[in-house]
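Reviewing the structure listed below.
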Amino acid sequence: MPQFRLVVAGMKYIASISFGKDSLAMLLKLIENQEHIDSVVFYDTGMEFDAIYKTRDQVLPLLDYHNINFVTLRPKEPFLYSMLERKVKYRNKDGFHYGYEWCGGSCRWGTTAKLRAIQSYKKSLNDYVVDYVGIAADESSRFCKAQQEGKILPLVDYNMTESDCLQFCYDKGYSWNENGVRLYDVLDRVSCWCCRNKNLKELYNIYRYLPTYWNKLKELQLQISTPFKGNGKSIFELEERFKTYGG
Ligand code: SF4
């Protein structure tokens with residue numbers, strides 16, 4: 001069992017929480033171990049699954065009970081505005097186009113906005129910040145960068161892997177249920193529903209089990225000329241493929 005961290009005067013202890021399995025497990029464990037937390041910070045892209053918002057609502061009374069401040073950060077401009085309407089200068093030629101289009105892969109403009117918002121929130125505290133981040137014990141490729149940025153990784157101290165985190169949350173009564181489907185049964189990662197990083201298996205599962213989100217993806221594809229997963233893999237082409245061949 002890890003030792004309590006000493007609470008240092010003049011420091012702010014914040015936990016960055018997405019309400020996915022890893023960050024939620026970290027938060028529940030920190031609370032269980034009576035670690036000091038001043039604020040839980042949630043960055044809301046506006047494109048989260050409903051189950052994420054429901055999970056947040058499930059956690060809020062617990063934060064209240066422990067006198068933990070809850071802070072929601074949002075993008076400066078709405079996600080959909082940046083995706084579809086914002087005037088954007090071409091990189092390598094003259095002129096403009098509208099909207100950054102899909103977010104994910106090498107073009108993660110939503111992540112950039114998130115990091116900026118969190119950074120400026122931390123700056124606004126005018127204090128030294130201890131930033132708890134939910135990177136699991138089996139995500140070693142992410143340790144180095146996070147540690148260089150001075151983040152604290154409690155799940156590594158607790159030796160909790162990604163699957164430990166999921167089971168821990170299930171045991172505590174969190175299941176990310178979307179109309180009878182547990183999101184972690186059909187998705188590898190629960191991120192924005194429109195994230196381009198989703199793999200074909202996840203997309204098939206969205207098509208098959210989460211039709212509301214599939215329809216939303218179709219609406220976006222109608223407004224974005226670039227195919228979601230590259231040439232021959234627009235949402236509509238994927239739908240044809242899934243209908244014909246399955247996943
Ligand atoms: S989860 Fe995906 S879509 Fe959402 S901000 Fe991150 S990269 Fe962009």
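Lettering and numbering for the structure tokens are positional, with chains as A, B, ... in the shown order, residues counted from 1 in each chain, and ligands counted from 1 in the shown order.
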Can you list, as a PDB file with N, CA and C atoms, in the first residue's frame, every protein, DNA or RNA residue that comes within 9 Å of segment 203-217 of chain A when you count only C-alpha atoms, leaving out same-chain residues fewer than 6 positions away?
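Okay, this is what ended up in selection_38.pdb:
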```pdb
ATOM      1  N   PHE A  49     -19.450  10.545 -25.192  1.00  0.00           N
ATOM      2  CA  PHE A  49     -20.618   9.654 -25.137  1.00  0.00           C
ATOM      3  C   PHE A  49     -21.492  10.060 -23.948  1.00  0.00           C
ATOM      4  N   GLU A 178     -24.774   2.377 -22.319  1.00  0.00           N
ATOM      5  CA  GLU A 178     -25.481   3.154 -23.356  1.00  0.00           C
ATOM      6  C   GLU A 178     -26.576   2.252 -23.900  1.00  0.00           C
ATOM      7  N   ASN A 179     -27.799   2.478 -23.449  1.00  0.00           N
ATOM      8  CA  ASN A 179     -28.947   1.672 -23.909  1.00  0.00           C
ATOM      9  C   ASN A 179     -28.660   0.174 -23.853  1.00  0.00           C
ATOM     10  N   VAL A 181     -25.791  -1.342 -23.599  1.00  0.00           N
ATOM     11  CA  VAL A 181     -24.461  -1.768 -24.066  1.00  0.00           C
ATOM     12  C   VAL A 181     -23.411  -1.129 -23.170  1.00  0.00           C
ATOM     13  N   VAL A 186     -17.485  -2.882 -26.205  1.00  0.00           N
ATOM     14  CA  VAL A 186     -17.457  -2.736 -27.662  1.00  0.00           C
ATOM     15  C   VAL A 186     -16.359  -1.782 -28.162  1.00  0.00           C
ATOM     16  N   LEU A 187     -15.764  -1.022 -27.245  1.00  0.00           N
ATOM     17  CA  LEU A 187     -14.718  -0.073 -27.643  1.00  0.00           C
ATOM     18  C   LEU A 187     -13.445  -0.354 -26.862  1.00  0.00           C
ATOM     19  N   TRP A 193     -16.897  10.412 -29.385  1.00  0.00           N
ATOM     20  CA  TRP A 193     -17.563   9.439 -30.269  1.00  0.00           C
ATOM     21  C   TRP A 193     -17.149   9.632 -31.731  1.00  0.00           C
ATOM     22  N   CYS A 194     -16.661  10.845 -32.073  1.00  0.00           N
ATOM     23  CA  CYS A 194     -16.299  11.125 -33.473  1.00  0.00           C
ATOM     24  C   CYS A 194     -14.794  10.987 -33.709  1.00  0.00           C
ATOM     25  N   PHE A 228     -13.645   9.357 -43.528  1.00  0.00           N
ATOM     26  CA  PHE A 228     -13.296   9.245 -42.102  1.00  0.00           C
ATOM     27  C   PHE A 228     -11.993   8.481 -41.870  1.00  0.00           C
ATOM     28  N   ILE A 235     -17.571   7.047 -43.898  1.00  0.00           N
ATOM     29  CA  ILE A 235     -18.556   6.374 -43.033  1.00  0.00           C
ATOM     30  C   ILE A 235     -19.555   5.596 -43.895  1.00  0.00           C
ATOM     31  N   LEU A 238     -17.899   2.504 -45.306  1.00  0.00           N
ATOM     32  CA  LEU A 238     -17.746   1.504 -44.233  1.00  0.00           C
ATOM     33  C   LEU A 238     -19.083   0.832 -43.944  1.00  0.00           C
ATOM     34  N   GLU A 239     -20.138   1.620 -43.986  1.00  0.00           N
ATOM     35  CA  GLU A 239     -21.465   1.036 -43.712  1.00  0.00           C
ATOM     36  C   GLU A 239     -21.795  -0.051 -44.744  1.00  0.00           C
ATOM     37  N   PHE A 242     -19.750  -3.072 -43.880  1.00  0.00           N
ATOM     38  CA  PHE A 242     -20.255  -3.766 -42.690  1.00  0.00           C
ATOM     39  C   PHE A 242     -21.535  -4.545 -43.012  1.00  0.00           C
ATOM     40  N   GLY A 246     -19.968  -7.782 -42.607  1.00  0.00           N
ATOM     41  CA  GLY A 246     -19.897  -7.779 -41.133  1.00  0.00           C
ATOM     42  C   GLY A 246     -18.630  -7.087 -40.684  1.00  0.00           C
ATOM     43  N   GLY A 247     -18.193  -7.399 -39.475  1.00  0.00           N
ATOM     44  CA  GLY A 247     -17.037  -6.670 -38.898  1.00  0.00           C
ATOM     45  C   GLY A 247     -15.700  -7.200 -39.341  1.00  0.00           C
TER      46      GLY A 247
END
```
Mind checking which residues fall within 10 Å of Ile14 of chain A, counting only C-alpha atoms, ignoring those fewer than 5 positions away in the same chain, and posting them as a short mmCIF file (atom, residue, chain, number, x, y, z; two decimals) with C-alpha atoms, in the first residue's frame?
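Result went into around02.cif, see below:
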```cif
data_model
loop_
_atom_site.label_atom_id
_atom_site.label_comp_id
_atom_site.auth_asym_id
_atom_site.auth_seq_id
_atom_site.Cartn_x
_atom_site.Cartn_y
_atom_site.Cartn_z
CA HIS A 36 -5.65 15.15 -0.65
CA ILE A 37 -7.36 16.49 -3.80
CA ASP A 38 -8.36 20.13 -4.18
CA SER A 39 -10.03 19.88 -7.58
CA VAL A 40 -11.13 17.42 -10.17
CA VAL A 41 -10.72 18.89 -13.64
CA ILE A 68 -13.48 18.30 -3.72
CA ASN A 69 -14.02 21.15 -6.11
CA PHE A 70 -15.27 20.17 -9.58
CA VAL A 71 -14.05 22.20 -12.55
CA LYS A 122 -3.19 25.53 -14.04
CA VAL A 129 0.24 22.28 -8.95
CA VAL A 130 0.39 18.57 -8.27
CA ASP A 131 -1.33 17.05 -11.27
CA TYR A 132 -2.62 13.50 -10.86
CA VAL A 133 -3.06 11.75 -14.19
#
```
Using only C-alpha atoms: which of A:Ile224, A:Ala136, A:Leu27, A:Ile118 has the shortest distance to His66 of chain A: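 Closest to His66 of chain A, using only C-alpha atoms: A:Leu27.
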Test item: residues at most 7 Å from Asp127 of chain A, only C-alpha atoms, excluding those fewer than 3 positions along its chain, as a count of residues only: 3
Cut-off 8 Å, only C-alpha atoms and all ligand atoms, neighbours of ligand 1 as a VMD selection string: chain A and resid 45 47 102 to 105 107 to 114 191 to 197
Store the residues picked out above in a file with C-alpha atoms, as an mmCIF file, in the first residue's frame.
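Okay, again.cif is ready:
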```cif
data_model
loop_
_atom_site.group_PDB
_atom_site.id
_atom_site.type_symbol
_atom_site.label_atom_id
_atom_site.label_comp_id
_atom_site.auth_asym_id
_atom_site.auth_seq_id
_atom_site.Cartn_x
_atom_site.Cartn_y
_atom_site.Cartn_z
ATOM 1 C CA THR A 45 -15.133 18.498 -25.653
ATOM 2 C CA MET A 47 -18.436 15.213 -28.091
ATOM 3 C CA TRP A 102 -11.930 15.106 -38.480
ATOM 4 C CA CYS A 103 -9.884 15.099 -35.283
ATOM 5 C CA GLY A 104 -7.505 12.230 -34.584
ATOM 6 C CA GLY A 105 -4.443 10.566 -36.075
ATOM 7 C CA CYS A 107 -4.301 15.987 -36.846
ATOM 8 C CA ARG A 108 -5.422 16.142 -33.243
ATOM 9 C CA TRP A 109 -6.507 19.749 -33.075
ATOM 10 C CA GLY A 110 -8.990 18.868 -30.309
ATOM 11 C CA THR A 111 -6.163 17.529 -28.147
ATOM 12 C CA THR A 112 -4.166 20.711 -28.706
ATOM 13 C CA ALA A 113 -7.150 22.777 -27.543
ATOM 14 C CA LYS A 114 -7.506 20.525 -24.498
ATOM 15 C CA SER A 191 -12.922 8.899 -26.216
ATOM 16 C CA CYS A 192 -14.927 11.395 -28.294
ATOM 17 C CA TRP A 193 -17.563 9.439 -30.269
ATOM 18 C CA CYS A 194 -16.299 11.125 -33.473
ATOM 19 C CA CYS A 195 -12.603 10.343 -32.882
ATOM 20 C CA ARG A 196 -10.751 9.323 -36.003
ATOM 21 C CA ASN A 197 -8.456 7.109 -33.936
#
```
Segment 58-65 of chain A surroundings by only C-alpha atoms, 12 Å radius, close-in-sequence under 5 positions cut, as a PyMOL selection string: chain A and resi 15+17-20+24-25+27-28+30-32+36-42+51-53+70-72+169+172-176
Residue list (alpha helix (DSSP H), DSSP) for segment 111-179 of chain A, as a PyMOL selection string: chain A and resi 111-124+143-148+154-157+162-171
Strand (DSSP E) residues, from DSSP on the backbone, in segment 46-132 of chain A, as a PDB file with N, CA and C atoms, in the first residue's frame:
```
ATOM      1  N   ASN A  69     -13.481  20.216  -5.138  1.00  0.00           N
ATOM      2  CA  ASN A  69     -14.023  21.150  -6.106  1.00  0.00           C
ATOM      3  C   ASN A  69     -14.101  20.477  -7.481  1.00  0.00           C
ATOM      4  N   PHE A  70     -15.160  20.751  -8.230  1.00  0.00           N
ATOM      5  CA  PHE A  70     -15.268  20.171  -9.577  1.00  0.00           C
ATOM      6  C   PHE A  70     -15.201  21.285 -10.618  1.00  0.00           C
ATOM      7  N   VAL A  71     -14.266  21.148 -11.544  1.00  0.00           N
ATOM      8  CA  VAL A  71     -14.054  22.196 -12.550  1.00  0.00           C
ATOM      9  C   VAL A  71     -14.249  21.601 -13.936  1.00  0.00           C
ATOM     10  N   THR A  72     -15.092  22.246 -14.731  1.00  0.00           N
ATOM     11  CA  THR A  72     -15.248  21.804 -16.122  1.00  0.00           C
ATOM     12  C   THR A  72     -14.568  22.825 -17.028  1.00  0.00           C
ATOM     13  N   LEU A  73     -13.688  22.343 -17.884  1.00  0.00           N
ATOM     14  CA  LEU A  73     -13.070  23.207 -18.891  1.00  0.00           C
ATOM     15  C   LEU A  73     -13.670  22.838 -20.250  1.00  0.00           C
ATOM     16  N   LYS A  87     -12.642  29.227 -40.215  1.00  0.00           N
ATOM     17  CA  LYS A  87     -11.860  29.546 -41.408  1.00  0.00           C
ATOM     18  C   LYS A  87     -10.396  29.166 -41.138  1.00  0.00           C
ATOM     19  N   VAL A  88      -9.871  28.277 -41.939  1.00  0.00           N
ATOM     20  CA  VAL A  88      -8.519  27.748 -41.685  1.00  0.00           C
ATOM     21  C   VAL A  88      -7.644  27.979 -42.914  1.00  0.00           C
ATOM     22  N   LYS A  89      -6.454  28.519 -42.675  1.00  0.00           N
ATOM     23  CA  LYS A  89      -5.521  28.780 -43.773  1.00  0.00           C
ATOM     24  C   LYS A  89      -4.868  27.460 -44.205  1.00  0.00           C
ATOM     25  N   PHE A  96      -7.944  29.551 -48.105  1.00  0.00           N
ATOM     26  CA  PHE A  96      -8.548  29.065 -46.867  1.00  0.00           C
ATOM     27  C   PHE A  96      -9.493  27.901 -47.161  1.00  0.00           C
ATOM     28  N   HIS A  97      -9.740  27.136 -46.144  1.00  0.00           N
ATOM     29  CA  HIS A  97     -10.869  26.204 -46.209  1.00  0.00           C
ATOM     30  C   HIS A  97     -11.616  26.336 -44.898  1.00  0.00           C
ATOM     31  N   TYR A  98     -12.766  25.676 -44.821  1.00  0.00           N
ATOM     32  CA  TYR A  98     -13.574  25.838 -43.618  1.00  0.00           C
ATOM     33  C   TYR A  98     -13.571  24.558 -42.783  1.00  0.00           C
ATOM     34  N   TYR A 128       1.798  26.255  -7.066  1.00  0.00           N
ATOM     35  CA  TYR A 128       2.403  25.055  -7.617  1.00  0.00           C
ATOM     36  C   TYR A 128       1.316  23.997  -7.677  1.00  0.00           C
ATOM     37  N   VAL A 129       1.337  23.241  -8.752  1.00  0.00           N
ATOM     38  CA  VAL A 129       0.245  22.280  -8.951  1.00  0.00           C
ATOM     39  C   VAL A 129       0.788  20.853  -8.950  1.00  0.00           C
ATOM     40  N   VAL A 130       0.143  20.008  -8.159  1.00  0.00           N
ATOM     41  CA  VAL A 130       0.395  18.569  -8.265  1.00  0.00           C
ATOM     42  C   VAL A 130      -0.729  18.024  -9.129  1.00  0.00           C
ATOM     43  N   ASP A 131      -0.346  17.450 -10.266  1.00  0.00           N
ATOM     44  CA  ASP A 131      -1.333  17.051 -11.271  1.00  0.00           C
ATOM     45  C   ASP A 131      -1.394  15.522 -11.348  1.00  0.00           C
ATOM     46  N   TYR A 132      -2.454  14.952 -10.802  1.00  0.00           N
ATOM     47  CA  TYR A 132      -2.623  13.499 -10.856  1.00  0.00           C
ATOM     48  C   TYR A 132      -3.218  13.117 -12.206  1.00  0.00           C
TER      49      TYR A 132
END
```
One-decimal distance in Å that lies between atom CA of Lys198 of chain A and atom CA of Tyr184 of chain A: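 Taking atom CA of Tyr184 of chain A and atom CA of Lys198 of chain A, their separation equals 13.1 Å.
Closest to Glu219 of chain A among A:Asp94, A:Thr161, A:Phe236, A:Glu139 is A:Phe236, based on only C-alpha atoms.
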Separation of atom CA of Lys229 of chain A from atom CA of Tyr90 of chain A in Å: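 Atom CA of Lys229 of chain A lies at a distance of 20.9 Å from atom CA of Tyr90 of chain A.
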